[in-house]
Amino acid sequence: EAARTGVILMDMSFMSKFMVQGRDAGRVLNWISANNVDGKSGRTTYTQWLNEGGTLEADLTVTKLDPTFGSGDVGHRYLVVASDVAHRHVETWLRRHTPADAHCFTTDVTSAYAQINIQGPRSRELLQSVTTQDLSNEAFPFRTAREIDIGFARVLVVRITYLGELGYELYIPTEQAVATYDLVVAAGREFGLRHAGLKALASLRMEKAYRDYGHDIDNTDSVLEVGLGFAVSMKKPGGFLGKDAVLAKKAAGIKKALVQIFVKDPEPLMIHAEVVLRVEFAPDFGPDG
């Protein structure tokens with residue numbers, strides 16, 4: 001309820017985080033990613049990583065940050081964020097698909113940043129009260145990624161949501177995490193801030209049909225079959241790993257699709273992996289046929 005009508009705070013520090021940088025970092029990531037992740041700086045892109053067969057290896061976000069040393073010649077920095085359970089797989093996949101001669105370096109920064117998510121219709125009001133930066137829709141549109149001040153900390157804030165509501169992800173240097181958290185919580189009292197956990201997150205994201213790798217989708221699924229075609233950039237220069245298989249699947253026609261099922265009866269408590277039985281009855285026309 002708080003996420004739908006007010007504002008919540010979620011501690012998501014367990015998420016896997018990797019800093020990818022170098023002159024060839026954008027090229028490498030754009031080949032691995034089905035979506036175009038090498039656009040403007042200060043933008044976050046939702047994407048999947050596919051294998052040669054066009055099925056899913058990872059489901060994550062790539063944020064293109066400012067150049068490493070203020071020069072495009074040195075290369076940009078990219079923050080790759082994936083779920084905790086995909087940590088080693090994402091890291092290994094990235095390293096294995098980085099050419100040996102590429103000027104591209106991956107660093108695991110998971111422990112370097114805490115992640116606090118502020119989500120809900122009043123999330124902008126709350127964050128605006130603790131920073132001098134303009135967070136208006138015009139100045140800070142959806143998918144924007146920018147460093148802002150919160151107290152004494154410089155925090156990377158990404159306007160994105162896994163709940164379907166207005167929301168922000170805060171990537172805070174670990175040494176500033178507790179102070180930043182305390183400041184946000186204190187300011188949040190005015191806005192009715194509530195803490196929320198992963199069960200609320202799971203329920204809310206399913207309402208919006210947002211996918212969860214390892215639960216709804218895995219490496220046996222085609223990106224088109226699970227409704228993620230919108231996150232695939234077929235026209236980006238250079239293509240991407242698995243593109244030929246995706247095109248072949250599209251040409252052959254989609255034979256199955258992942259769908260949401262709305263349970264009207266509130267009594268069954270759905271936990272995970274329940275079997276859904278669909279029964280079709282022949283019409284009964286009575287004794288006269």
# chains A, B, ... in the order shown; residues from 1 in each chain; ligands from 1
$ residues_around --residues "range 128-138 of chain A" --least-positions-apart "4" --cutoff "7 Å" --atoms "only C-alpha atoms" --output "PyMOL selection string"
chain A and resi 124+148-150
$ write_last_selection --atoms "N, CA and C atoms" --output "short mmCIF file (atom, residue, chain, number, x, y, z; two decimals), in the first residue's frame"
data_model
loop_
_atom_site.label_atom_id
_atom_site.label_comp_id
_atom_site.auth_asym_id
_atom_site.auth_seq_id
_atom_site.Cartn_x
_atom_site.Cartn_y
_atom_site.Cartn_z
N ARG A 124 9.88 11.27 -5.12
CA ARG A 124 10.55 12.49 -5.59
C ARG A 124 10.51 13.57 -4.51
N ILE A 148 24.28 13.08 -7.15
CA ILE A 148 23.68 14.20 -6.43
C ILE A 148 24.24 14.22 -5.01
N ASP A 149 24.04 15.35 -4.34
CA ASP A 149 24.47 15.45 -2.95
C ASP A 149 23.33 15.05 -2.03
N ILE A 150 23.65 14.22 -1.05
CA ILE A 150 22.73 13.91 0.05
C ILE A 150 23.56 14.02 1.32
#
$ closest_atom_pairs --of "range 31-104 of chain A" --to "range 15-25 of chain A" --cutoff "10 Å" --atoms "only C-alpha atoms" --output "tab-separated table"
residue	atom	partner	partner_atom	distance
A:Asp38	CA	A:Ala25	CA	9.1
A:Leu60	CA	A:Ser16	CA	9.8
A:Thr61	CA	A:Lys17	CA	9.9
A:Val62	CA	A:Phe18	CA	9.5
A:Thr63	CA	A:Met19	CA	9.6
A:Lys64	CA	A:Val20	CA	9.5
A:Leu65	CA	A:Gln21	CA	9.6
A:Pro67	CA	A:Gln21	CA	8.8
A:Thr68	CA	A:Gln21	CA	7.4
A:Gly72	CA	A:Arg23	CA	7.9
A:Asp73	CA	A:Arg23	CA	6.6
A:Val74	CA	A:Arg23	CA	5.5
A:Gly75	CA	A:Arg23	CA	4.0
A:His76	CA	A:Gln21	CA	5.9
A:Arg77	CA	A:Gln21	CA	4.5
A:Tyr78	CA	A:Val20	CA	5.0
A:Leu79	CA	A:Met19	CA	4.8
A:Val80	CA	A:Phe18	CA	5.1
A:Val81	CA	A:Lys17	CA	4.6
A:Ala82	CA	A:Ser16	CA	5.1
A:Ser83	CA	A:Met15	CA	5.0
A:Asp84	CA	A:Met15	CA	4.8
A:Val85	CA	A:Ser16	CA	8.3
A:Ala86	CA	A:Ser16	CA	7.6
A:His87	CA	A:Ser16	CA	5.4
A:Arg88	CA	A:Ser16	CA	8.8
A:Val90	CA	A:Ser16	CA	8.7
A:Glu91	CA	A:Phe18	CA	7.8
A:Leu94	CA	A:Val20	CA	9.4
A:Thr98	CA	A:Ala25	CA	8.8
A:Pro99	CA	A:Asp24	CA	9.7
A:Asp101	CA	A:Asp24	CA	9.6
A:Ala102	CA	A:Asp24	CA	5.9
A:His103	CA	A:Asp24	CA	5.1
A:Cys104	CA	A:Gly22	CA	4.6
$ select_by_dssp --residues "range 70-171 of chain A" --states "alpha helix (DSSP H)" --output "count of residues only"
16
$ residues_around --residues "range 201-217 of chain A" --least-positions-apart "5" --cutoff "10 Å" --atoms "only C-alpha atoms" --output "PyMOL selection string"
chain A and resi 1+3-4+10+55-60+82-83+85-86+161-165+196+222-223+225-228+258-262+272-273
$ write_last_selection --atoms "C-alpha atoms" --output "mmCIF file, in the first residue's frame"
data_model
loop_
_atom_site.group_PDB
_atom_site.id
_atom_site.type_symbol
_atom_site.label_atom_id
_atom_site.label_comp_id
_atom_site.auth_asym_id
_atom_site.auth_seq_id
_atom_site.Cartn_x
_atom_site.Cartn_y
_atom_site.Cartn_z
ATOM 1 C CA GLU A 1 0.000 0.000 0.000
ATOM 2 C CA ALA A 3 4.535 1.663 -2.448
ATOM 3 C CA ARG A 4 1.343 2.338 -4.387
ATOM 4 C CA MET A 10 14.235 -0.994 0.293
ATOM 5 C CA THR A 55 18.088 -17.693 -25.091
ATOM 6 C CA LEU A 56 18.647 -15.692 -21.918
ATOM 7 C CA GLU A 57 21.908 -15.681 -19.991
ATOM 8 C CA ALA A 58 21.266 -12.557 -17.898
ATOM 9 C CA ASP A 59 18.678 -9.870 -17.223
ATOM 10 C CA LEU A 60 20.168 -6.621 -15.916
ATOM 11 C CA ALA A 82 22.412 -7.709 -11.790
ATOM 12 C CA SER A 83 20.703 -9.819 -9.139
ATOM 13 C CA VAL A 85 22.105 -14.949 -7.560
ATOM 14 C CA ALA A 86 23.566 -14.078 -10.992
ATOM 15 C CA THR A 161 11.796 1.234 -10.910
ATOM 16 C CA TYR A 162 11.198 -2.488 -10.528
ATOM 17 C CA LEU A 163 7.817 -1.794 -8.936
ATOM 18 C CA GLY A 164 6.103 0.173 -11.679
ATOM 19 C CA GLU A 165 5.815 3.347 -9.603
ATOM 20 C CA ALA A 196 9.558 -2.679 2.600
ATOM 21 C CA SER A 222 13.739 -17.010 -25.842
ATOM 22 C CA VAL A 223 13.733 -13.262 -25.294
ATOM 23 C CA GLU A 225 8.668 -15.697 -25.917
ATOM 24 C CA VAL A 226 8.872 -14.027 -22.512
ATOM 25 C CA GLY A 227 7.693 -10.626 -23.765
ATOM 26 C CA LEU A 228 11.047 -8.823 -23.656
ATOM 27 C CA LEU A 258 4.830 -16.118 -20.831
ATOM 28 C CA VAL A 259 1.555 -14.717 -19.449
ATOM 29 C CA GLN A 260 0.274 -13.334 -16.167
ATOM 30 C CA ILE A 261 -2.608 -15.067 -14.381
ATOM 31 C CA PHE A 262 -4.843 -13.024 -12.118
ATOM 32 C CA HIS A 272 6.475 -20.223 -6.067
ATOM 33 C CA ALA A 273 6.322 -22.665 -8.993
#
$ atom_distance --atom1 "CA of Phe240 in chain A" --atom2 "CA of Trp93 in chain A"
14.2 Å
$ closest_residue --among "A:Leu126, A:Leu50, A:Val37, A:Ile116" --to "Arg143 in chain A" --atoms "only C-alpha atoms"
A:Val37
$ residues_around --residues "Gly167 in chain A" --least-positions-apart "4" --cutoff "7 Å" --atoms "only C-alpha atoms" --output "list in words"
Ile118, Gln119, Gly120, Ser123, Arg159, Ile160 and Thr161 of chain A
$ select_by_dssp --residues "range 133-230 of chain A" --states "strand (DSSP E)" --output "PyMOL selection string"
chain A and resi 145-150+153-158+167-173+194-195
$ atom_distance --atom1 "CA of Asp244 in chain A" --atom2 "CA of Arg43 in chain A"
27.1 Å
$ residues_around --residues "Ala153 in chain A" --least-positions-apart "3" --cutoff "10 Å" --atoms "only C-alpha atoms" --output "PyMOL selection string"
chain A and resi 147-150+156+172-173+175-177+179-180
$ write_last_selection --atoms "N, CA and C atoms" --output "PDB file, in the first residue's frame"
ATOM      1  N   GLU A 147      25.038  11.857 -10.349  1.00  0.00           N
ATOM      2  CA  GLU A 147      25.477  12.020  -8.970  1.00  0.00           C
ATOM      3  C   GLU A 147      24.798  13.241  -8.361  1.00  0.00           C
ATOM      4  N   ILE A 148      24.282  13.081  -7.149  1.00  0.00           N
ATOM      5  CA  ILE A 148      23.678  14.195  -6.432  1.00  0.00           C
ATOM      6  C   ILE A 148      24.237  14.220  -5.013  1.00  0.00           C
ATOM      7  N   ASP A 149      24.037  15.348  -4.342  1.00  0.00           N
ATOM      8  CA  ASP A 149      24.467  15.448  -2.952  1.00  0.00           C
ATOM      9  C   ASP A 149      23.327  15.049  -2.027  1.00  0.00           C
ATOM     10  N   ILE A 150      23.648  14.217  -1.048  1.00  0.00           N
ATOM     11  CA  ILE A 150      22.728  13.912   0.047  1.00  0.00           C
ATOM     12  C   ILE A 150      23.555  14.015   1.322  1.00  0.00           C
ATOM     13  N   LEU A 156      25.216   8.264  -6.497  1.00  0.00           N
ATOM     14  CA  LEU A 156      24.717   8.034  -7.850  1.00  0.00           C
ATOM     15  C   LEU A 156      23.249   7.654  -7.748  1.00  0.00           C
ATOM     16  N   ILE A 172      25.394   4.271  -3.045  1.00  0.00           N
ATOM     17  CA  ILE A 172      26.074   5.098  -2.045  1.00  0.00           C
ATOM     18  C   ILE A 172      27.416   4.475  -1.693  1.00  0.00           C
ATOM     19  N   PRO A 173      28.516   5.258  -1.735  1.00  0.00           N
ATOM     20  CA  PRO A 173      29.799   4.712  -1.264  1.00  0.00           C
ATOM     21  C   PRO A 173      29.623   4.094   0.121  1.00  0.00           C
ATOM     22  N   GLU A 175      31.229   3.714   2.799  1.00  0.00           N
ATOM     23  CA  GLU A 175      31.584   4.448   4.022  1.00  0.00           C
ATOM     24  C   GLU A 175      30.572   5.543   4.355  1.00  0.00           C
ATOM     25  N   GLN A 176      29.730   5.911   3.371  1.00  0.00           N
ATOM     26  CA  GLN A 176      28.716   6.944   3.601  1.00  0.00           C
ATOM     27  C   GLN A 176      27.310   6.359   3.724  1.00  0.00           C
ATOM     28  N   ALA A 177      27.200   5.031   3.660  1.00  0.00           N
ATOM     29  CA  ALA A 177      25.886   4.401   3.566  1.00  0.00           C
ATOM     30  C   ALA A 177      25.022   4.628   4.798  1.00  0.00           C
ATOM     31  N   ALA A 179      25.222   6.916   7.230  1.00  0.00           N
ATOM     32  CA  ALA A 179      24.859   8.320   7.425  1.00  0.00           C
ATOM     33  C   ALA A 179      23.785   8.746   6.429  1.00  0.00           C
ATOM     34  N   THR A 180      23.905   8.297   5.192  1.00  0.00           N
ATOM     35  CA  THR A 180      22.909   8.641   4.169  1.00  0.00           C
ATOM     36  C   THR A 180      21.565   8.006   4.486  1.00  0.00           C
TER      37      THR A 180
END
$ closest_residue --among "A:Ala231, A:Leu198, A:Val246, A:Val185" --to "Tyr46 in chain A" --atoms "only C-alpha atoms"
A:Ala231
$ atom_distance --atom1 "CA of Gly188 in chain A" --atom2 "CA of Phe152 in chain A"
17.7 Å
